Each structure stands twice: as C-alpha cells, then as structure tokens.
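Visitor: Handing you a structure now.
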Amino acid sequence: MEKMTSSVKQVPAQLLRARTGNSLEAEKENFERGQNVSINKAINAQEVAVKEKHARTCILGTHHEKGAQTFWSVVNRLPLSSNAVLCWKFCHVFHKLLRDGHPTVLQDSIRYKNELSDMSRMWGHLSEGYGKLSCTYLKLLITKMEFHSKNPRFPGNLQMTDRQLEETGENDVNNFFQLTVEMFDYLECELNLFQAVFSSLDMSRSVSVTAAGQCRLAPLIQVILDSSHLYDYTVKLLFKLHSCLPADTLQGHRDRFHEQFKKLKELFYISSNLQYFKRLIQIPQLPENPPNFLRASALSEHVSPVVVIPLESTSPDSEPVVETDELVEMDPSSQQNLFENKFDDLFGSTGPTDPFNFNNQNGMSKDERDKLIDQLYKEIAALKDELASFKAESKRLILQLRGRINELEAELAEQQHLKQQALDENEFVKAELEEVKKKQDVTEKAQRSLTEIERKAQANEQRYTKLKEKYTELVQNHADLLRKNAEVMKQMTLFRQTQEDMEQMKKELEETVQQLKDSMEQKEQEQTHKLDALQEKLQSRNAEVLSLKSTHEDSKQTSTVMASTIESLASEKTALSQAVDEKESTLTLLRGELEQAKEALTAEKDSTNRTVEGLQNQLNEKESHEQALEKQLLDEQFALLRSAVEEAEGIIQDALNRLEDPLHFGCTSSADYLITRAQATQDSLSRLQNGHTKYLADKKDASPLLQSVTLFTHLMSDTIVQGSATSHMVPMEQADNLLDACKRCGSDVLSYFSNLKDSTTLSIADCTKVRESLNQINAIAEELRPKGRDIKQKELGDLVEQEMCSTSAAVEAATARIEEMLNKSRAGDTGAKLEVNARILESCTGLMHAIKVLVLSSKDLQRDIVESGRGAASQKEFYAKNSRWTEGLISASKAVGWGATVLVDAADLVVQGKGKFEELMVCSHEIAASTAQLVAASKVKADKDNCNLGRLREASKGVNEATAKVVASTKSGKSQIEEKDTMDFSSMTLTQIKRQEMDSQVHVLELESQLQKERERLGGLRKKHYELAGVSEGWDEDTK
C-alpha cells in the first residue's frame, strides 16, 4: 500500500492540478460510492470470512480521507442489532481499521463507544452462536479504544521499540504499574475472545476448512497480533517494576501474569495446529516456563514473540497478485490499460467527464502520455529492484529464523530431557508421598477409631463438645511439639556425632603431632651421633698429626742416624698432609650438611607448629560451634516448653471460664466420678513434678516435662469442669465450697504454669499449692458420696462373701423344699393332678440345679477377676476399690436368693391348689432376670478368654432353658387341670342371647379397664422400684 501511495504521489503535479472543482466533487462521490460498495461487501450477512480486498479498500479509504467518517456513515445504516453474523463481521472490519487504519480512526470512533456498549449488552443475552461471540468481541474493541485513549503513544497495531515503551512511563514507577494493569485487562479481553471462538467450534472436525469455521477464525489473526505484543510488553514492564519495587508488592501482578501466560500458551498451540492459520500466519510458541521476574538476569533470556505473515500467503478469497514479470511482457497499450485500471481501483472509476481520462481532458497530447508511461515504466523497474532486494532480505531473515529454530529445537530437546528427569524425580517423590500418606492414613484411622471409641463411651456427654475440640487442638499442638522435639533430638544426635568426630580428629591430630615430635627427636639424635663420630675421627686425626709432628722432631734430632729414611719420611709427611687436607675438607662438608639439616629441622618444626595451631583453631571453632548449637538446643527446648505451657494455660483458663457459663449450669456429674478424676490428676501431678526435676537436671531434653504438662492439663481441666458439674447436684453450701475449691485450684495451676514458662522462676516453681487444692477437692467429693457407700473395706468384702453364701443356701433350701413337696404330692395325689404337680416340681428342681451351677460358676469367675486385678492388694481391698462393681454383685445375689424363695412358695401354693399358675410363671421370669443381672455383674471385669467366663455363659443358657421348661410345664398343667365348659346356646331364645351378649360385652369392658389399671399400677411400681434401687446404690448421681 505504501509503495502504491508513493507511486501515486510521484504523478506529475500538472496532472493533479488539472482537476477542476467538478472533478473533485466527482472524485469524492466516486470515493464514497466505492467505499459504500466495499463496506457493504465486507460486512454482509453471509457466514463467510471477510475478503481481504474489501477490508484493504476500507483501510485505504481511511488514509485517503484521513478519518473514518465515511465508514461510520455507512455502518450506521446497517442492521447490526438484528443480525449477529453482520455484527461479527463489522467487529472484524472495525478491528482492522483500528490496527491499520489512519490514526484519527480512534478519535472518530470513540464517540460511538456508548452505542457499542449497548449493542454488547444486547447480544450478551444470547448464550450461544454469533450473539455471544459478538458480545465478547465488542467488549474487546471497547477495551482497545479505552486503552489507546488513555495511552495515545501506543499506535493501533501496538508496534513500539523498547525506547518508546520506556518513554510511555515518563520515568514514574506508578505509571508503569498502572500501565501493566491496563495491559493485563486488555490481554484478558483478547483471551476471552480466543476461548469463546474455540468453545463455539467443534474441534473434533476440520472446521477450519469450512466457510463457517473460517468466518469465526478470521478475526483471531488480529487477536494473535495484538496478544504477541501485549505479552512482550508485559514481560518487559514486569522486569522493570521488579527492579524498582519489592517482590511482595508485585505478587498479584505475577499471579495474574502466570494465569494469562498459561492460557495464551495453550491458545497459541491450538491455533498453530489449525490448517487455516498455517497458510496465513506463523504463530510463535511461548517458552515452556514463564519468566522468573525475581531474577533480573532472566530478562536477557526473554525472546520477544514474532508473528510472521508470509508474503506469498493470502486468504482463500483474496484476489490474485499480478507479478511484475507479467507487467514487463505486456505491450504498451495493455500496460497503459492495466495502470489505468489500478488507478481507478484506488480512486474510483472515471466516466466521460473524469479528470483522469488522459485521452480526452485538457487536450493532453500523445507525447505527454508517452512521457508519463515512460516515467511509470521507470517506477516499475525501480519497484522490481526494490522487490528483489526485499526478497533477498526476506531470504536472509528466513535463514536467520531457521537457525534460531534449530537453536530452539536443541533447547527444546534439552528441556524435554530435563523434563523427563523432573518427571522421574516427581515419580520418586510421589512414591515417597504415597508411603507418607499411607502412614498418615494408618495414623488417621487409629485416631478415628480412638475418637469413635471415645464418642461411644461419652455418648451422653454431648455438652462437653467444646472441651473435646480444645482437646483435639491440644493434641495437634502436642503432635507438633513432639515433631519439633524429634527434630531437636535429631539435631542433638548429629551434634553429638559431630562432637565425637571432633574428639576423634583431635586425638588423631595429637597422635600425629606426637609422631612428628618423636621423628624430629630421632632425627636430631641421629645427627648428633653422626656429629660426635665425625668429631671423634677428627680428634683421632689430630692426634695422628701430633704424633707425626713429634716423630718428625725426633727424626730431626736423630737426622744423622736416620738420614737414609728422610726421603721416605718426607714423602710420608706429604701424603699425610694431603690426607689431613682431605679430612678437613670432608669435615667442612659434613658441617655444611649439619647446618642444612638443622635449618630443615627448624623449618619442619615451624610448619608443624603452624599445622598444630591451625588444627587447634579449627578445634576451637568446632567447640564454639558446639556451644552455639547447645545453646540453640536449650533455647528451642525452652521455647517448646513455653508454647506447651501457654497452650495449657489457655485450656485451664477455658475450664475456669466455663464455670461462669450459663450454658454449663445444666451439666451434672457424680461425686464418685469427680474422685476418680481428682485421683488421676494427682497421679499426673506427680509425673509433672518428676518431669520438672528431670528437666532441671538436664535441660537438653524437655520431652518428659512436655508429655506430663499435656496430660496434667487435660486431667486438671476435666477435674475443674466435673467439680463444677457435681456442685449443681449438692446443697448450696457444699456447692459453694466445691466451686471455690475448683476456682482456687485453677488459680494455683495458672500461677504454677506462669513460673514454669519464665526462665527466671523455672527452678523455684512449686506445685505444693496445686496438690493441696486437689486434696481439698477430693475431700469435699468424699463428703458428697452417698451414705450407702459408707461401708468399711472389710465390711464390703465380707458382705460379698455373705451374700454369695446366702444365695447358695437359699438355692439349697429351695431345692430341699421342692423335693419335700414332690414326695407329699406323690403320697397324697393321684391321676392328672399328680402328673401335673410332678411335672411342675421336676422343672422347678431342674431350675434350682441350673441356678446352683450358675452361682458356683460366678464364684469361680469372681475369684479369677480378683486374683488378676488386685495386684499387691488384698481381696477385700479390691472389693472396696471397685465398690460399684461389688455393690452390683451384692444386689444381683440378693435378687437370685429372693427369687428362689418366692418361686418355692408359689410352687407350694400351686401344688396345694391354693395358688395360681400365673404366679409361678412370673416367679420364673423374675429368677431369669436376676440370674442375667448376676451374669452381667460377674463378667463385666472378666477377661474375654477366661475359661470360667465360658462356663458362666453355659450356665446362664442352662438357667434360661430351665426357666422355659418351668413356664411350659406350668402352662400345660394349667390347661390340663382347668375345666373347659362347652358352650350350648341351643335352648336360648333370641332375647336371651342378646342379653347374654350385652353382659359379655360389659364383662369384656370391665376386664379391659382392670387390665389397663393393672398395667398402669405395674408401671408405677416398677418406676418406684427403680427410684428406690437408685437411692440405695447411687444411680441418681450417675445418671445426673
């Protein structure tokens, strides 16, 4: 377009000046008519992509009139609000104008922003099709206009240099910050349109080769061009911001960029695989990972994405491009016609009065036209040269890009290799994580089972939910503390190992130094021995020289006598002198060697001393590091203790606050349960005191103290709450005393904890006041126990034995009475009565034998329970300690003995004919219930694998079977003895039958009324029985 515009500008001025006023108007009309035709052809209701030639004509029109008035005048007449396809194609053309049109297109279009917003909202009511796409596209165009209005330095196609981008911020970090946010919003709209188009297409089919698919995909080319620039500028601006602002301030920017990076990368990848885009545009691929803005050097690794639109690629519906070679081969007339046609395409067709009709206007001669044609030929030749240079430059760029592609492919292969390694490491980490999860699941299952057991055991204590939550939190904190303690112990182990290594190294260094000293002393001794030997040789040589001199003097005195030997002596003297000289030179050499050895020994001593000093310094550093680690360990241990004590203070304070909570006034408890809680708390207090003593002795290990603090806190909190709940069930004065004791105990515990968590008062922390407060609570609870429990230990143990013996005696007596009754019946009765009495008494005898076996099995099982549970205590002490269980045994034994006696009395009356069979059946059921109570009381503390427990269960089954036999024999005897009157109504009249019927109905109603009253009376008796039994055994306190 620019080349054609330059060629038009080079048309001789005389041709342009030749236009008259009418020709300008005609030109304007032709321009408007051509624009109207092109706009209507580009924006139509057909579901096909916008043709490039029509869009290009619209773009040239904005450059021609330097604005978009003509475009909007035509568009305003189009029914954009009634046809979604028409609106979609309008958005496409308008996007092209904003990008490639004249710069004033934005100013001419901003006034229509409200109309576009209304149209976007209108199309937004549709959930699918082009309506939804048009709504998203209109929002993008409005965002684009607002962005360029706020930032006028950005051109419509967003192409800027780094320097221009730097100038847009005006060296103000706030401007860069705001500009980044606006670019994020702009890119978000681009991505929304991307996703909307892809979600409206069936990607499983080749939609990009269909006309409808190309109609939806064509605008994405403009979106890809904008998105690549926005991504590049956003990366550069974020690096700029990270160099000026803290990283925490830009956390939101990084999160938003990473989200958009992931979406844009995915959309670029999908687009690059579509056949439609492969012919029209070369889409860049973003890097595998987003840039690391926290590392400033990562900016040099950033590669700006470049979108390449091949020159030879055109849309399927664009006009064919005429090659320059064809222009050269044309004859002059055809070339002139081609030029005129191209000229008319740009500025409108000319009619007979067209000022561009070169043959008819102003009498232009043929020579002038020839000159013009020659000039145009020259321009065409120049354009061909320019095109050749452009092709060469394109080839060069292609080669560079291919080289870059090869580099990127190599980097991609390396990244894939790294990715595979990361995947392998990830698999290994996943395997470890699975193992950890399995262990965690096992722990969680154990925890859940424990929680379930606690929930079942405390189903009636739902009012303590808050305390359980606090307990769960403390358990979690305790687990954290234990983990921290384990880490600290691990550090201690490493530290101790390091210390042992240092001691070993120190020993090795000392041994090395000692060896060096020994070797040096040995070398000195050897050198000394050598020196002594040399001195001895020298002395011997000197002695020889002296002896020779004396001999020489003697020889002079006796020269006359030994003249013949003078020559020999002289020669010998000369030889000896030479030997002395040689020995002296040898001695000199030995002295030099001795000096060198001394110097070497001195140097070796110095180096050894330096080595020893270095090792000593290292040892000192290790010792200082060891001291620092030890101090750090002590600080961490004390920090763990302080955090645990603070958490314990919170739990105790929460328990004290619950004493004043109105919702807690409805909670009740028993004195027995309070005593068990107080005793457990005292035991845990002793453990806490021992843990405190151990921690003071060795502050490197606080685990015993931490464990005891946790247990004591839970038990103390439970004791305070149970004390308050018990005070709700006792008289006012005793309740006030118990409540004051609980509050005083809580205050003493908080004071003790405050001393524990302070390093200055840790050593003087005393729990004596806490123990005294617990003793006071225990004493008050002892006073509140039911009076029925005030039995001495010896009396309670003796009472168990007495009741079991009396039960056995009652059963024996009942058996003897039944035998006696059976003998009397056999002697006095005959016939059916004897048969019935014998059957009933035999079944009663079998029941008594079964009860006897049950009592004996219960005694054996109780003996096993006492022997296994009493430990070092006596049998009576065990019964006294487990008073509740003991009282249950006593009550069950009494019920069995009483039931046996009543059964015998009822059987005696039945045999004599004075009793009722129903009494005998009720007594049998009562005995079965009493024996079941005895079995339950006996096996409640028994081991499930105890053999006596099995025998007890078998005896219980025998009692049930014997009871069933008694009931069955009683029922059969009753039916056998009672007379059955036959009903004969044959002699009765209708009136008599009616009278008898009414009397029978009245009798039935009376019996039903009596039955109802007796049932109510039975319910009242049972209720009163339970109340009396509860008062005697303390059930009321337990239930409350």
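Residues in the structure tokens are numbered from 1 in each chain, the chains being A, B, ... in the order shown, and ligands are numbered from 1 in the order shown.
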Write out as a ChimeraX atom specification which residues come within 12 Å of Ala680 in chain A when counting only C-alpha atoms, dropping same-chain ones fewer than 6 positions away.

Guide: /A:673-674,686-687,711-719,774-775,778

Visitor: Using only C-alpha atoms, which protein or nucleic acid residues come within 8 Å of Val488 in chain A? Drop anything in the same chain fewer than 3 positions from it, and give the result as a PDB file with C-alpha atoms, in the first residue's frame.

Guide:
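This went into out28.pdb:
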ATOM      1  CA  LYS A 484       9.750 -30.377  66.825  1.00  0.00           C
ATOM      2  CA  ASN A 485      11.203 -32.314  69.746  1.00  0.00           C
ATOM      3  CA  GLN A 491      19.963 -32.209  65.727  1.00  0.00           C
ATOM      4  CA  MET A 492      21.322 -33.256  69.111  1.00  0.00           C
ATOM      5  CA  LEU A 633      19.062 -26.561  71.578  1.00  0.00           C
ATOM      6  CA  GLU A 636      14.441 -24.461  71.384  1.00  0.00           C
ATOM      7  CA  GLN A 637      13.637 -26.841  74.231  1.00  0.00           C
TER       8      GLN A 637
END

Visitor: For each of A:Lys824, A:Ala900, A:Leu739, A:Ile851, take the minimum atom-to-atom distance to Ala810 in chain A, counting only C-alpha atoms, then give the residue where this is smallest.

Guide: A:Ala900

Visitor: With a distance cut-off of 12 Å and only C-alpha atoms, select the neighbouring residues of Ala809 in chain A, excluding the residue or stretch itself and same-chain residues fewer than 4 positions from it, and output the selection as a PyMOL selection string.

Guide: chain A and resi 802-805+813-816+848+851-852+855-856+893-894+896-898+900-901

Visitor: Can you write out the residues you just picked, keeping C-alpha atoms, as a compact mmCIF listing (two decimals), in the first residue's frame?

Guide:
# COMPACT_ATOMS: atom_id res chain seq x y z
CA GLN A 802 -22.03 -63.40 102.87
CA GLU A 803 -24.43 -62.61 100.03
CA MET A 804 -22.97 -65.28 97.76
CA CYS A 805 -23.14 -67.85 100.59
CA ALA A 813 -33.13 -74.76 100.78
CA ALA A 814 -35.43 -74.23 97.82
CA THR A 815 -34.24 -77.49 96.27
CA ALA A 816 -34.90 -79.38 99.51
CA MET A 848 -32.75 -74.78 91.07
CA ILE A 851 -29.15 -71.70 89.37
CA LYS A 852 -26.76 -73.58 91.68
CA VAL A 855 -23.79 -69.35 91.31
CA LEU A 856 -20.77 -71.67 91.53
CA SER A 893 -27.03 -62.16 94.58
CA LYS A 894 -29.83 -60.84 96.76
CA VAL A 896 -31.34 -64.50 92.93
CA GLY A 897 -31.82 -65.74 96.52
CA TRP A 898 -35.10 -63.88 96.96
CA ALA A 900 -35.60 -68.77 94.53
CA THR A 901 -37.51 -68.42 97.82

Visitor: Do you have the CA of Arg216 in chain A-CA of Tyr137 in chain A distance handy?

Guide: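 Separating CA of Arg216 in chain A from CA of Tyr137 in chain A is a distance of 11.1 Å.
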
Visitor: Counting only C-alpha atoms, which residue out of A:Gln734, A:Thr989, A:Ser120, A:Gln421 sits closest to Ile142 in chain A?

Guide: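 Closest candidate: A:Ser120.
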
Visitor: Can you tell me how far CA of Ser763 in chain A sits from CA of Gln707 in chain A, in Å to one decimal?

Guide: 18.6 Å

Visitor: Can you pull out every residue within 10 Å of Phe147 in chain A, counting only C-alpha atoms, but drop anything in the same chain fewer than 3 positions away, and send it as a compact mmCIF listing (two decimals) with C-alpha atoms, in the first residue's frame?

Guide:
# COMPACT_ATOMS: atom_id res chain seq x y z
CA LEU A 141 -12.99 -3.34 20.87
CA ILE A 142 -14.25 -1.03 23.62
CA THR A 143 -11.30 -2.03 25.82
CA LYS A 144 -8.92 -1.39 22.91
CA LYS A 150 -5.53 6.56 27.90
CA ASN A 151 -2.19 5.78 26.24
CA PRO A 152 -2.06 7.80 22.99
CA PHE A 154 0.67 3.38 21.59
CA LEU A 179 0.11 0.60 32.52
CA GLU A 182 -4.28 -1.91 31.83
CA MET A 183 -2.32 -4.31 29.63
CA ASP A 185 -7.10 -6.12 31.28
CA TYR A 186 -6.53 -5.71 27.52
